[in-house]
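Source file upload30.cif; content: mmCIF, C-alpha atoms and all ligand atoms.
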data_start
#
loop_
_atom_site.label_atom_id
_atom_site.label_comp_id
_atom_site.auth_asym_id
_atom_site.auth_seq_id
_atom_site.Cartn_x
_atom_site.Cartn_y
_atom_site.Cartn_z
CA MET A 1 122.49 114.45 136.90
CA ASN A 2 119.03 113.28 136.13
CA ASP A 3 116.45 115.54 137.77
CA LYS A 4 113.59 113.09 137.21
CA VAL A 5 115.41 110.38 139.10
CA ARG A 6 116.34 112.73 141.89
CA SER A 7 112.85 114.13 142.33
CA HIS A 8 111.34 110.63 142.27
CA ILE A 9 113.72 109.59 145.05
CA LEU A 10 112.96 112.70 147.10
CA ALA A 11 109.22 112.22 146.63
CA ASN A 12 109.56 108.63 147.87
CA GLN A 13 112.11 109.09 150.61
CA ARG A 14 109.63 108.58 153.47
CA ALA A 15 108.35 105.39 151.86
CA PHE A 16 111.92 104.13 151.30
CA ILE A 17 112.94 104.76 154.89
CA GLU A 18 109.73 103.20 156.20
CA ASP A 19 110.31 100.15 154.01
CA LEU A 20 113.91 99.83 155.20
CA SER A 21 112.67 100.25 158.78
CA THR A 22 110.22 97.38 158.29
CA ALA A 23 113.12 95.17 157.22
CA CYS A 24 115.10 96.27 160.29
CA ARG A 25 112.22 95.47 162.69
CA ILE A 26 112.68 91.75 162.03
CA PRO A 27 115.36 90.65 164.52
CA SER A 28 117.16 88.32 162.11
CA VAL A 29 120.12 87.79 164.43
CA PHE A 30 122.26 84.79 163.55
CA GLY A 31 121.12 81.79 165.54
CA ASN A 32 117.50 83.03 165.76
CA ASP A 33 116.09 80.59 163.21
CA ALA A 34 112.49 81.74 163.46
CA ALA A 35 113.44 85.37 162.78
CA LEU A 36 115.86 84.42 160.00
CA HIS A 37 113.10 82.47 158.22
CA GLU A 38 110.65 85.32 158.80
CA MET A 39 113.20 87.68 157.24
CA ALA A 40 113.75 85.36 154.26
CA ASP A 41 109.99 85.17 153.69
CA TRP A 42 109.56 88.92 154.04
CA LEU A 43 112.35 89.53 151.53
CA THR A 44 110.88 86.94 149.17
CA ALA A 45 107.54 88.74 149.19
CA ARG A 46 109.23 92.13 148.86
CA LEU A 47 111.30 91.11 145.82
CA ARG A 48 108.18 89.64 144.26
CA GLN A 49 106.39 92.94 144.84
CA ALA A 50 109.24 94.67 142.94
CA GLY A 51 108.55 92.33 140.01
CA CYS A 52 111.33 89.80 140.54
CA GLN A 53 111.18 86.09 139.87
CA VAL A 54 112.02 84.78 143.31
CA GLU A 55 113.29 81.51 144.72
CA GLN A 56 114.51 80.35 148.09
CA TRP A 57 117.50 78.06 147.95
CA PRO A 58 117.58 75.84 151.03
CA LEU A 59 120.99 75.28 152.53
CA ALA A 60 122.27 72.47 154.68
CA GLY A 61 121.08 73.35 158.15
CA GLY A 62 120.84 77.11 157.71
CA PRO A 63 118.43 79.82 156.60
CA PRO A 64 117.93 79.89 152.80
CA VAL A 65 119.47 82.09 150.18
CA VAL A 66 116.83 84.42 148.76
CA TRP A 67 117.28 84.69 145.02
CA GLY A 68 115.51 87.23 142.82
CA GLU A 69 115.87 88.12 139.14
CA ILE A 70 114.45 91.02 137.20
CA GLY A 71 114.93 92.90 133.95
CA ALA A 72 115.90 92.08 130.41
CA GLY A 73 118.82 92.75 128.15
CA GLU A 74 122.17 91.46 127.03
CA ARG A 75 123.93 92.21 130.24
CA SER A 76 123.43 91.17 133.81
CA LEU A 77 124.61 92.17 137.26
CA LEU A 78 124.82 89.99 140.34
CA SER A 79 124.14 91.58 143.72
CA TYR A 80 125.53 90.03 146.88
CA SER A 81 124.18 91.02 150.28
CA HIS A 82 122.91 89.38 153.45
CA TYR A 83 119.87 89.56 155.70
CA ASP A 84 121.29 88.17 158.93
CA VAL A 85 122.55 90.62 161.54
CA GLN A 86 124.72 90.72 164.64
CA PRO A 87 123.18 90.46 168.11
CA ALA A 88 122.21 93.84 169.56
CA ASP A 89 123.77 93.48 172.97
CA PRO A 90 124.90 95.24 175.07
CA LEU A 91 121.35 96.61 174.88
CA ASN A 92 121.87 99.27 177.54
CA LEU A 93 124.33 101.11 175.30
CA TRP A 94 121.70 101.80 172.62
CA ASP A 95 120.02 105.22 172.71
CA SER A 96 116.85 103.62 171.26
CA PRO A 97 115.83 99.96 170.98
CA ALA A 98 117.86 98.11 168.36
CA PHE A 99 114.88 96.63 166.55
CA GLU A 100 112.69 99.74 166.71
CA PRO A 101 114.17 101.83 163.89
CA VAL A 102 114.06 105.57 164.39
CA VAL A 103 115.39 108.62 162.53
CA ARG A 104 117.30 111.13 164.64
CA GLU A 105 119.26 114.06 163.20
CA GLY A 106 119.13 112.68 159.70
CA LYS A 107 120.31 109.20 160.70
CA LEU A 108 118.32 105.98 160.77
CA PHE A 109 119.24 103.88 163.82
CA ALA A 110 118.65 100.12 163.91
CA ARG A 111 120.61 96.89 164.18
CA GLY A 112 121.40 95.74 160.63
CA VAL A 113 120.60 99.04 158.94
CA SER A 114 124.13 99.34 157.56
CA ASP A 115 125.15 95.67 157.82
CA ASP A 116 123.51 94.79 155.57
CA LYS A 117 119.81 95.59 155.14
CA GLY A 118 120.49 99.12 153.87
CA ASP A 119 122.47 97.68 150.97
CA VAL A 120 119.85 95.16 149.88
CA MET A 121 116.93 97.57 150.29
CA SER A 122 118.72 100.36 148.39
CA ARG A 123 119.08 97.95 145.46
CA ILE A 124 115.39 97.08 145.55
CA HIS A 125 114.49 100.77 145.71
CA ALA A 126 116.85 101.50 142.82
CA VAL A 127 115.22 98.83 140.66
CA GLU A 128 111.78 100.26 141.44
CA THR A 129 112.93 103.82 140.81
CA TYR A 130 114.40 102.85 137.46
CA GLN A 131 111.19 101.09 136.49
CA ALA A 132 109.07 104.06 137.53
CA ILE A 133 111.09 106.51 135.43
CA TYR A 134 112.29 104.52 132.45
CA GLY A 135 110.27 101.29 132.37
CA GLU A 136 111.81 97.86 132.17
CA LEU A 137 115.28 97.42 133.66
CA PRO A 138 117.82 97.42 130.77
CA LEU A 139 119.83 94.57 132.26
CA ARG A 140 119.13 91.44 134.20
CA PHE A 141 119.64 92.17 137.88
CA LYS A 142 120.16 89.18 140.15
CA PHE A 143 119.70 89.41 143.90
CA PHE A 144 121.63 86.86 145.95
CA VAL A 145 120.81 87.50 149.61
CA GLU A 146 122.16 85.03 152.12
CA GLY A 147 121.37 84.59 155.79
CA GLU A 148 124.68 83.24 157.04
CA GLU A 149 127.22 86.02 156.45
CA GLU A 150 127.66 86.83 160.11
CA ILE A 151 128.68 83.25 160.86
CA GLY A 152 131.23 83.12 158.03
CA SER A 153 129.07 82.07 155.06
CA PRO A 154 129.65 78.32 155.55
CA ASN A 155 127.34 77.38 152.65
CA LEU A 156 128.25 80.11 150.18
CA ALA A 157 130.75 78.10 148.14
CA PRO A 158 128.50 75.03 147.74
CA ALA A 159 125.50 77.25 146.87
CA ALA A 160 127.59 79.09 144.28
CA ALA A 161 128.75 75.82 142.78
CA THR A 162 125.21 74.40 142.61
CA HIS A 163 123.77 77.50 140.95
CA ALA A 164 126.83 78.60 138.95
CA ALA A 165 124.98 79.00 135.64
CA GLN A 166 122.17 81.05 137.17
CA LEU A 167 124.63 83.28 139.04
CA GLN A 168 126.69 84.11 135.98
CA ALA A 169 126.72 87.86 135.27
CA ASP A 170 128.84 90.63 133.77
CA GLY A 171 129.81 92.02 137.15
CA CYS A 172 129.07 91.67 140.83
CA LEU A 173 128.01 94.39 143.27
CA TRP A 174 129.37 93.34 146.64
CA GLU A 175 128.09 94.68 149.97
CA SER A 176 129.49 97.13 152.46
CA GLY A 177 130.83 100.30 150.90
CA GLY A 178 130.47 103.98 151.56
CA PHE A 179 132.28 107.08 152.76
CA ASP A 180 135.55 107.08 154.67
CA ASN A 181 136.21 109.43 157.60
CA GLU A 182 137.18 112.24 155.23
CA GLU A 183 133.87 111.87 153.33
CA ARG A 184 135.49 110.25 150.31
CA TYR A 185 133.42 107.51 148.67
CA THR A 186 135.51 104.36 148.88
CA ILE A 187 135.34 101.09 146.99
CA TYR A 188 137.30 97.85 147.10
CA LEU A 189 138.06 95.65 144.11
CA GLY A 190 138.95 92.55 146.05
CA VAL A 191 140.07 90.82 149.20
CA LYS A 192 143.05 88.77 150.22
CA GLY A 193 142.59 85.07 150.74
CA MET A 194 143.53 83.32 153.93
CA LEU A 195 144.74 80.01 155.25
CA TYR A 196 144.35 79.55 159.00
CA VAL A 197 146.29 76.71 160.56
CA GLU A 198 147.27 75.38 163.92
CA LEU A 199 150.74 73.86 164.30
CA ARG A 200 150.95 71.22 167.01
CA ALA A 201 154.12 69.76 168.42
CA GLY A 202 153.96 66.89 170.88
CA GLY A 203 156.46 65.28 173.26
CA ALA A 204 156.33 62.98 176.25
CA VAL A 205 152.97 61.60 177.44
CA CYS A 206 152.86 64.23 180.20
CA ASP A 207 154.67 67.34 181.40
CA LEU A 208 158.00 66.40 183.05
CA HIS A 209 160.36 67.86 185.61
CA SER A 210 162.65 70.18 183.69
CA ALA A 211 165.69 68.36 185.05
CA TYR A 212 165.02 66.01 182.12
CA ALA A 213 165.65 68.79 179.60
CA PRO A 214 169.06 67.38 178.55
CA VAL A 215 167.50 64.08 177.50
CA VAL A 216 163.88 64.75 176.52
CA THR A 217 162.97 66.81 173.44
CA ASN A 218 161.01 69.92 174.35
CA PRO A 219 158.13 70.49 171.87
CA ALA A 220 158.14 74.23 172.61
CA TRP A 221 161.68 74.45 171.24
CA ARG A 222 160.75 72.30 168.25
CA LEU A 223 157.82 74.55 167.48
CA VAL A 224 159.83 77.75 167.85
CA GLN A 225 162.57 76.33 165.63
CA ALA A 226 160.03 75.33 162.99
CA LEU A 227 158.32 78.72 163.12
CA ASN A 228 161.68 80.40 162.70
CA THR A 229 162.10 78.81 159.27
CA LEU A 230 158.83 80.26 157.92
CA ARG A 231 159.75 83.91 157.82
CA SER A 232 163.00 85.88 157.83
CA ALA A 233 163.79 88.59 160.36
CA ASP A 234 163.14 91.24 157.71
CA GLY A 235 159.66 89.89 156.97
CA VAL A 236 160.21 87.77 153.85
CA ILE A 237 158.15 84.58 153.88
CA THR A 238 160.64 81.74 153.50
CA ILE A 239 158.29 78.77 153.07
CA ASP A 240 159.83 76.89 150.14
CA GLY A 241 158.18 77.91 146.86
CA PHE A 242 155.89 80.51 148.46
CA VAL A 243 157.21 83.80 147.08
CA GLU A 244 157.79 82.22 143.66
CA HIS A 245 154.03 81.77 143.28
CA VAL A 246 153.05 85.32 144.22
CA ARG A 247 151.63 87.37 141.38
CA PRO A 248 152.86 90.92 142.00
CA PRO A 249 150.39 93.78 141.52
CA THR A 250 149.88 94.85 137.94
CA PRO A 251 150.84 98.41 136.95
CA ALA A 252 147.09 99.24 136.82
CA GLU A 253 146.59 97.94 140.36
CA GLU A 254 149.67 99.70 141.63
CA SER A 255 148.67 103.00 140.05
CA TYR A 256 145.82 103.33 142.60
CA LEU A 257 148.34 103.67 145.41
CA ASP A 258 148.94 107.31 144.49
CA HIS A 259 145.27 108.14 145.12
CA ILE A 260 144.66 106.25 148.34
CA PRO A 261 144.88 108.43 151.42
CA PHE A 262 147.23 106.83 153.94
CA GLU A 263 148.43 108.91 156.88
CA GLY A 264 151.35 106.85 158.11
CA ALA A 265 152.33 109.26 160.88
CA ALA A 266 148.80 109.22 162.30
CA ARG A 267 148.66 105.41 162.24
CA LYS A 268 152.01 105.15 163.97
CA ALA A 269 150.94 107.64 166.63
CA GLN A 270 147.64 105.81 167.13
CA TRP A 271 149.38 102.46 167.53
CA GLY A 272 152.32 103.80 169.55
CA LEU A 273 154.93 102.79 166.99
CA GLN A 274 158.20 104.49 166.07
CA GLN A 275 158.20 102.98 162.61
CA PHE A 276 156.50 100.45 160.36
CA GLU A 277 158.13 97.05 160.05
CA GLY A 278 161.40 97.33 158.17
CA GLY A 279 161.31 101.12 158.56
CA VAL A 280 159.49 101.46 155.23
CA ASP A 281 157.93 104.73 154.09
CA ASP A 282 154.18 105.33 153.85
CA ARG A 283 153.85 104.32 150.23
CA GLU A 284 155.68 101.05 150.75
CA ALA A 285 153.65 100.38 153.91
CA LEU A 286 150.41 100.90 151.99
CA LYS A 287 151.67 98.75 149.14
CA ARG A 288 152.48 95.90 151.52
CA PHE A 289 149.19 96.32 153.37
CA LEU A 290 147.21 95.90 150.16
CA PHE A 291 149.36 93.50 148.15
CA ALA A 292 151.74 91.53 150.37
CA PRO A 293 150.98 88.00 151.55
CA THR A 294 151.57 87.38 155.24
CA CYS A 295 152.56 84.61 157.60
CA ASN A 296 151.32 85.88 160.94
CA ILE A 297 151.56 84.22 164.34
CA CYS A 298 148.20 84.81 166.04
CA GLY A 299 149.17 83.02 169.22
CA ILE A 300 151.61 80.57 170.76
CA TYR A 301 150.93 78.38 173.74
CA SER A 302 152.99 75.88 175.68
CA GLY A 303 153.83 74.88 179.23
CA PHE A 304 153.73 77.17 182.24
CA ILE A 305 152.63 80.77 181.57
CA ASP A 306 151.18 81.88 184.92
CA ALA A 307 152.81 84.36 187.29
CA GLY A 308 155.95 83.25 189.10
CA GLN A 309 158.17 80.33 188.29
CA LYS A 310 157.59 76.65 187.81
CA THR A 311 160.19 74.41 186.28
CA VAL A 312 158.52 72.20 183.76
CA LEU A 313 159.25 70.49 180.48
CA PRO A 314 155.99 70.76 178.55
CA ASN A 315 154.66 67.86 176.55
CA ALA A 316 152.88 69.96 173.92
CA ALA A 317 153.20 73.25 172.10
CA MET A 318 150.79 74.93 169.76
CA ALA A 319 150.78 77.99 167.50
CA LYS A 320 147.98 79.49 165.45
CA LEU A 321 148.95 81.11 162.15
CA ASP A 322 147.02 83.10 159.60
CA LEU A 323 148.52 83.42 156.16
CA ARG A 324 146.93 86.15 154.05
CA LEU A 325 147.04 85.22 150.40
CA VAL A 326 147.31 87.14 147.16
CA PRO A 327 146.65 86.10 143.54
CA ASN A 328 148.07 82.71 142.55
CA LEU A 329 148.46 81.56 146.16
CA THR A 330 145.53 79.26 146.91
CA PRO A 331 144.89 77.89 150.40
CA GLU A 332 145.44 74.34 149.09
CA LEU A 333 148.78 75.23 147.50
CA VAL A 334 150.02 77.00 150.62
CA LEU A 335 148.97 74.16 152.89
CA ASP A 336 150.89 71.76 150.67
CA LEU A 337 153.96 74.03 150.51
CA LEU A 338 153.93 74.41 154.30
CA ARG A 339 153.73 70.66 154.89
CA ARG A 340 156.56 69.91 152.46
CA HIS A 341 158.66 72.75 153.88
CA LEU A 342 158.41 71.34 157.40
CA ASP A 343 159.03 67.75 156.30
CA ARG A 344 162.12 68.75 154.33
CA ARG A 345 163.60 70.20 157.51
CA GLY A 346 162.84 67.21 159.69
CA PHE A 347 159.79 68.73 161.40
CA ASP A 348 157.58 65.91 160.19
CA GLU A 349 156.28 65.30 163.74
CA ILE A 350 154.70 68.77 163.77
CA GLU A 351 151.05 68.47 162.87
CA VAL A 352 149.48 71.10 160.59
CA VAL A 353 145.74 71.39 161.19
CA ARG A 354 143.75 73.47 158.76
CA LEU A 355 141.14 75.50 160.65
CA GLY A 356 139.81 77.66 157.83
CA SER A 357 140.47 79.09 154.42
CA LEU A 358 139.29 81.75 152.02
CA SER A 359 140.39 82.26 148.43
CA THR A 360 141.76 85.51 147.07
CA SER A 361 139.46 87.54 144.83
CA ARG A 362 140.62 90.51 142.79
CA ALA A 363 138.75 92.39 140.08
CA ASN A 364 140.48 93.64 136.97
CA PRO A 365 140.60 97.44 137.45
CA GLN A 366 140.42 97.93 133.70
CA ALA A 367 137.27 95.85 133.21
CA GLU A 368 134.41 97.84 131.71
CA PHE A 369 132.14 97.01 134.64
CA VAL A 370 134.65 98.41 137.13
CA GLN A 371 135.19 101.50 135.01
CA THR A 372 131.43 102.06 134.69
CA VAL A 373 130.94 101.78 138.45
CA THR A 374 133.78 104.22 139.07
CA SER A 375 132.58 106.81 136.57
CA ALA A 376 128.95 106.61 137.76
CA LEU A 377 130.14 107.07 141.36
CA ALA A 378 132.26 110.07 140.34
CA ASP A 379 129.34 111.71 138.55
CA VAL A 380 126.67 111.04 141.16
CA TYR A 381 128.77 111.71 144.26
CA GLY A 382 130.66 114.61 142.68
CA HIS A 383 134.18 113.36 143.34
CA GLN A 384 136.44 110.53 142.19
CA PRO A 385 135.95 107.57 144.50
CA VAL A 386 138.95 106.21 146.36
CA VAL A 387 139.64 102.81 144.80
CA TYR A 388 141.41 100.11 146.75
CA PRO A 389 142.56 97.37 144.35
CA SER A 390 142.31 94.98 147.28
CA HIS A 391 141.34 95.04 150.90
CA GLY A 392 144.12 94.27 153.36
CA GLY A 393 141.78 91.78 154.97
CA SER A 394 139.90 88.73 153.76
CA GLY A 395 136.27 87.88 153.07
CA PRO A 396 134.01 85.35 151.36
CA MET A 397 134.00 87.13 147.99
CA TYR A 398 135.67 84.45 145.88
CA PRO A 399 132.78 81.97 145.30
CA LEU A 400 130.57 84.66 143.73
CA ALA A 401 133.32 86.71 142.09
CA GLU A 402 136.64 85.41 140.81
CA GLY A 403 135.42 81.85 141.32
CA LEU A 404 132.75 82.46 138.67
CA GLY A 405 135.07 84.57 136.51
CA MET A 406 133.44 87.83 137.59
CA ASP A 407 134.75 91.19 138.73
CA ALA A 408 133.26 92.35 142.04
CA VAL A 409 133.17 95.84 143.53
CA THR A 410 132.04 96.78 147.05
CA VAL A 411 129.40 99.50 147.12
CA GLY A 412 126.95 100.42 149.82
CA VAL A 413 125.16 103.00 151.92
CA GLY A 414 127.67 103.32 154.75
CA TYR A 415 129.91 106.01 156.19
CA ALA A 416 132.65 106.14 158.81
CA GLY A 417 130.19 106.39 161.73
CA VAL A 418 127.89 103.44 161.04
CA ASN A 419 128.86 101.60 164.27
CA MET A 420 128.82 98.26 162.53
CA HIS A 421 128.40 95.34 164.96
CA ALA A 422 128.16 97.93 167.77
CA PRO A 423 125.42 99.78 169.66
CA ASN A 424 123.66 102.62 167.80
CA GLU A 425 124.27 101.18 164.34
CA ASN A 426 123.03 103.74 161.83
CA ILE A 427 123.18 105.15 158.34
CA ARG A 428 122.62 108.70 157.13
CA VAL A 429 119.34 109.09 155.26
CA ASP A 430 120.95 111.34 152.63
CA ASP A 431 123.60 108.70 151.91
CA TYR A 432 120.86 106.15 151.38
CA LEU A 433 119.02 108.33 148.89
CA LYS A 434 122.24 109.25 147.07
CA HIS A 435 123.12 105.59 146.78
CA VAL A 436 119.76 104.77 145.20
CA GLU A 437 120.47 107.53 142.68
CA PHE A 438 123.90 106.05 141.93
CA LEU A 439 122.45 102.58 141.36
CA VAL A 440 119.81 103.89 138.96
CA GLU A 441 122.58 105.66 137.04
CA LEU A 442 124.66 102.48 137.01
CA PHE A 443 121.73 100.49 135.58
CA ARG A 444 121.29 103.14 132.90
CA ARG A 445 124.96 103.18 131.90
CA PHE A 446 125.77 99.50 132.15
CA GLY A 447 122.51 98.33 130.60
CA SER A 448 122.58 100.53 127.52
ZN ZN B 1 128.52 92.07 159.77
#

Could you quickly redo this structure as structure tokens?
Ligand SMILES: [Zn+2]
Amino acid sequence: MNDKVRSHILANQRAFIEDLSTACRIPSVFGNDAALHEMADWLTARLRQAGCQVEQWPLAGGPPVVWGEIGAGERSLLSYSHYDVQPADPLNLWDSPAFEPVVREGKLFARGVSDDKGDVMSRIHAVETYQAIYGELPLRFKFFVEGEEEIGSPNLAPAAATHAAQLQADGCLWESGGFDNEERYTIYLGVKGMLYVELRAGGAVCDLHSAYAPVVTNPAWRLVQALNTLRSADGVITIDGFVEHVRPPTPAEESYLDHIPFEGAARKAQWGLQQFEGGVDDREALKRFLFAPTCNICGIYSGFIDAGQKTVLPNAAMAKLDLRLVPNLTPELVLDLLRRHLDRRGFDEIEVVRLGSLSTSRANPQAEFVQTVTSALADVYGHQPVVYPSHGGSGPMYPLAEGLGMDAVTVGVGYAGVNMHAPNENIRVDDYLKHVEFLVELFRRFGS
């Protein structure tokens, strides 16, 4: 690898860590508006110092997006990260104060150092390192740093829509990547979408004596009967038209399964299970985890659930469902399919209330951007990264990725012990420096 880059990073490591520490001293916890605005202003000044054209995009009721652009060239990269952090409590479980960053045994401890200030600062330091060694950045690098990630990015989609032209790039670096617990660098090429709904069944105006059960419809039964039509006993989602819309994984996506470590026996032991659902083997379990849509009951509530017995005929029943979505299943489509499915079976009195939704986002594994990220990671980190074609979970990636026609990849400065959202959040200093080196190499390869 490039010795000049490496020695520049080593010569500046104290300054980098001090700079990152300054960012972490600002307690930009969600809800703390003064600190969030202070953080946005600090970041604005810092990006300007790096040479960026900077703007703050005000959002409805929240802290602004900080936007910075730098470099020249045919190609561009969008960087997504965030400057808000989780609260630090319980404070007594920290070995040093959460907003007084300190290095111990090669690790920098501070709230927000991994989630997500380390990611944004490493990108600033990479831009500056590139400029110091090679001169002008060979691509246009676009920083999008929001302050509302920890509360679910409520204004991300509207901000992306408003600034769509400015955001357009040839690839998107997402936040939050790093080493897994076996020290393998790990990246994700997407997330599942999600539709979260509440099903509500109603009955009489009040709970009744259960002697009336022969003559009064029980909403708990109605709800259970409706739920029973949504999914078969062997796990197939039976909402009319649902499976027909699913785009199965492509051969390229599926080929990653062979390289993803998945210790089924260890998971089963950890969770106290004899087998995975359907008794499937490890490969099939991993395949379902990454690629299968779900219709999951998060909770059911009705009637009397305290200790002991009480005979009652409840007048309401409620269930919360999350449906994880894969390509071609949009939240709107699934909501519509669910409504029609219930109506067709006479469950038209059951109300479907949409509580939240996220769209699926999936990068094309064969895109040049993805390939360049992967090969630069392999060369800088010295091993092939583990590539997940999708996360099993969901996140707000879509508005800045697939929604704008872009491929997004998660990269970052983390490792398995970062204690995200927990006391003693930290990153390893060496990981931080290595990541700056990787980013400089990515700029060099993707820009030329
Ligand atoms: Zn977080």

For ligand ZN 1 (chain B), list the contacting residues at 12 Å or closer, counting only C-alpha atoms and all ligand atoms, as a PDB file with C-alpha atoms, in the frame of the given file.
ATOM      1  CA  VAL A  29     120.120  87.790 164.430  1.00  0.00           C
ATOM      2  CA  PHE A  30     122.260  84.790 163.550  1.00  0.00           C
ATOM      3  CA  SER A  81     124.180  91.020 150.280  1.00  0.00           C
ATOM      4  CA  HIS A  82     122.910  89.380 153.450  1.00  0.00           C
ATOM      5  CA  TYR A  83     119.870  89.560 155.700  1.00  0.00           C
ATOM      6  CA  ASP A  84     121.290  88.170 158.930  1.00  0.00           C
ATOM      7  CA  VAL A  85     122.550  90.620 161.540  1.00  0.00           C
ATOM      8  CA  GLN A  86     124.720  90.720 164.640  1.00  0.00           C
ATOM      9  CA  PRO A  87     123.180  90.460 168.110  1.00  0.00           C
ATOM     10  CA  ALA A  88     122.210  93.840 169.560  1.00  0.00           C
ATOM     11  CA  ARG A 111     120.610  96.890 164.180  1.00  0.00           C
ATOM     12  CA  GLY A 112     121.400  95.740 160.630  1.00  0.00           C
ATOM     13  CA  VAL A 113     120.600  99.040 158.940  1.00  0.00           C
ATOM     14  CA  SER A 114     124.130  99.340 157.560  1.00  0.00           C
ATOM     15  CA  ASP A 115     125.150  95.670 157.820  1.00  0.00           C
ATOM     16  CA  ASP A 116     123.510  94.790 155.570  1.00  0.00           C
ATOM     17  CA  LYS A 117     119.810  95.590 155.140  1.00  0.00           C
ATOM     18  CA  GLY A 147     121.370  84.590 155.790  1.00  0.00           C
ATOM     19  CA  GLU A 148     124.680  83.240 157.040  1.00  0.00           C
ATOM     20  CA  GLU A 149     127.220  86.020 156.450  1.00  0.00           C
ATOM     21  CA  GLU A 150     127.660  86.830 160.110  1.00  0.00           C
ATOM     22  CA  ILE A 151     128.680  83.250 160.860  1.00  0.00           C
ATOM     23  CA  GLY A 152     131.230  83.120 158.030  1.00  0.00           C
ATOM     24  CA  SER A 153     129.070  82.070 155.060  1.00  0.00           C
ATOM     25  CA  GLU A 175     128.090  94.680 149.970  1.00  0.00           C
ATOM     26  CA  SER A 176     129.490  97.130 152.460  1.00  0.00           C
ATOM     27  CA  GLY A 395     136.270  87.880 153.070  1.00  0.00           C
ATOM     28  CA  VAL A 418     127.890 103.440 161.040  1.00  0.00           C
ATOM     29  CA  ASN A 419     128.860 101.600 164.270  1.00  0.00           C
ATOM     30  CA  MET A 420     128.820  98.260 162.530  1.00  0.00           C
ATOM     31  CA  HIS A 421     128.400  95.340 164.960  1.00  0.00           C
ATOM     32  CA  ALA A 422     128.160  97.930 167.770  1.00  0.00           C
ATOM     33  CA  GLU A 425     124.270 101.180 164.340  1.00  0.00           C
TER      34      GLU A 425
END

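When the distance limit is 12 Å and only C-alpha atoms are what count, the residues near Phe179 in chain A, minus those fewer than 5 positions from it on the same chain, are A:Arg184, A:Tyr185, A:Thr186, A:Ile187, A:Tyr188, A:Leu377, A:Tyr381, A:His383, A:Gln384, A:Pro385, A:Val386, A:Val387, A:Thr410, A:Val411, A:Gly412, A:Val413, A:Gly414, A:Tyr415, A:Ala416, A:Gly417, A:Val418, A:Ile427, A:Arg428, A:Asp431, A:Tyr432, A:Lys434, A:His435.
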
Would you mind exporting the chosen residues as a PDB file, in the frame of the given file, restricted to C-alpha atoms?
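Written file, part_3.pdb:
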ATOM      1  CA  ARG A 184     135.490 110.250 150.310  1.00  0.00           C
ATOM      2  CA  TYR A 185     133.420 107.510 148.670  1.00  0.00           C
ATOM      3  CA  THR A 186     135.510 104.360 148.880  1.00  0.00           C
ATOM      4  CA  ILE A 187     135.340 101.090 146.990  1.00  0.00           C
ATOM      5  CA  TYR A 188     137.300  97.850 147.100  1.00  0.00           C
ATOM      6  CA  LEU A 377     130.140 107.070 141.360  1.00  0.00           C
ATOM      7  CA  TYR A 381     128.770 111.710 144.260  1.00  0.00           C
ATOM      8  CA  HIS A 383     134.180 113.360 143.340  1.00  0.00           C
ATOM      9  CA  GLN A 384     136.440 110.530 142.190  1.00  0.00           C
ATOM     10  CA  PRO A 385     135.950 107.570 144.500  1.00  0.00           C
ATOM     11  CA  VAL A 386     138.950 106.210 146.360  1.00  0.00           C
ATOM     12  CA  VAL A 387     139.640 102.810 144.800  1.00  0.00           C
ATOM     13  CA  THR A 410     132.040  96.780 147.050  1.00  0.00           C
ATOM     14  CA  VAL A 411     129.400  99.500 147.120  1.00  0.00           C
ATOM     15  CA  GLY A 412     126.950 100.420 149.820  1.00  0.00           C
ATOM     16  CA  VAL A 413     125.160 103.000 151.920  1.00  0.00           C
ATOM     17  CA  GLY A 414     127.670 103.320 154.750  1.00  0.00           C
ATOM     18  CA  TYR A 415     129.910 106.010 156.190  1.00  0.00           C
ATOM     19  CA  ALA A 416     132.650 106.140 158.810  1.00  0.00           C
ATOM     20  CA  GLY A 417     130.190 106.390 161.730  1.00  0.00           C
ATOM     21  CA  VAL A 418     127.890 103.440 161.040  1.00  0.00           C
ATOM     22  CA  ILE A 427     123.180 105.150 158.340  1.00  0.00           C
ATOM     23  CA  ARG A 428     122.620 108.700 157.130  1.00  0.00           C
ATOM     24  CA  ASP A 431     123.600 108.700 151.910  1.00  0.00           C
ATOM     25  CA  TYR A 432     120.860 106.150 151.380  1.00  0.00           C
ATOM     26  CA  LYS A 434     122.240 109.250 147.070  1.00  0.00           C
ATOM     27  CA  HIS A 435     123.120 105.590 146.780  1.00  0.00           C
TER      28      HIS A 435
END

If we count all atoms listed in the file and set the cut-off at 10 Å, which residues sit around Thr238 in chain A, ignoring sequence neighbours fewer than 2 positions away in its own chain? Please answer as a PDB file with C-alpha atoms, in the frame of the given file.
ATOM      1  CA  ASN A 228     161.680  80.400 162.700  1.00  0.00           C
ATOM      2  CA  THR A 229     162.100  78.810 159.270  1.00  0.00           C
ATOM      3  CA  LEU A 230     158.830  80.260 157.920  1.00  0.00           C
ATOM      4  CA  ARG A 231     159.750  83.910 157.820  1.00  0.00           C
ATOM      5  CA  SER A 232     163.000  85.880 157.830  1.00  0.00           C
ATOM      6  CA  GLY A 235     159.660  89.890 156.970  1.00  0.00           C
ATOM      7  CA  VAL A 236     160.210  87.770 153.850  1.00  0.00           C
ATOM      8  CA  ASP A 240     159.830  76.890 150.140  1.00  0.00           C
ATOM      9  CA  GLY A 241     158.180  77.910 146.860  1.00  0.00           C
ATOM     10  CA  PHE A 242     155.890  80.510 148.460  1.00  0.00           C
ATOM     11  CA  VAL A 243     157.210  83.800 147.080  1.00  0.00           C
ATOM     12  CA  CYS A 295     152.560  84.610 157.600  1.00  0.00           C
ATOM     13  CA  LEU A 338     153.930  74.410 154.300  1.00  0.00           C
ATOM     14  CA  HIS A 341     158.660  72.750 153.880  1.00  0.00           C
TER      15      HIS A 341
END
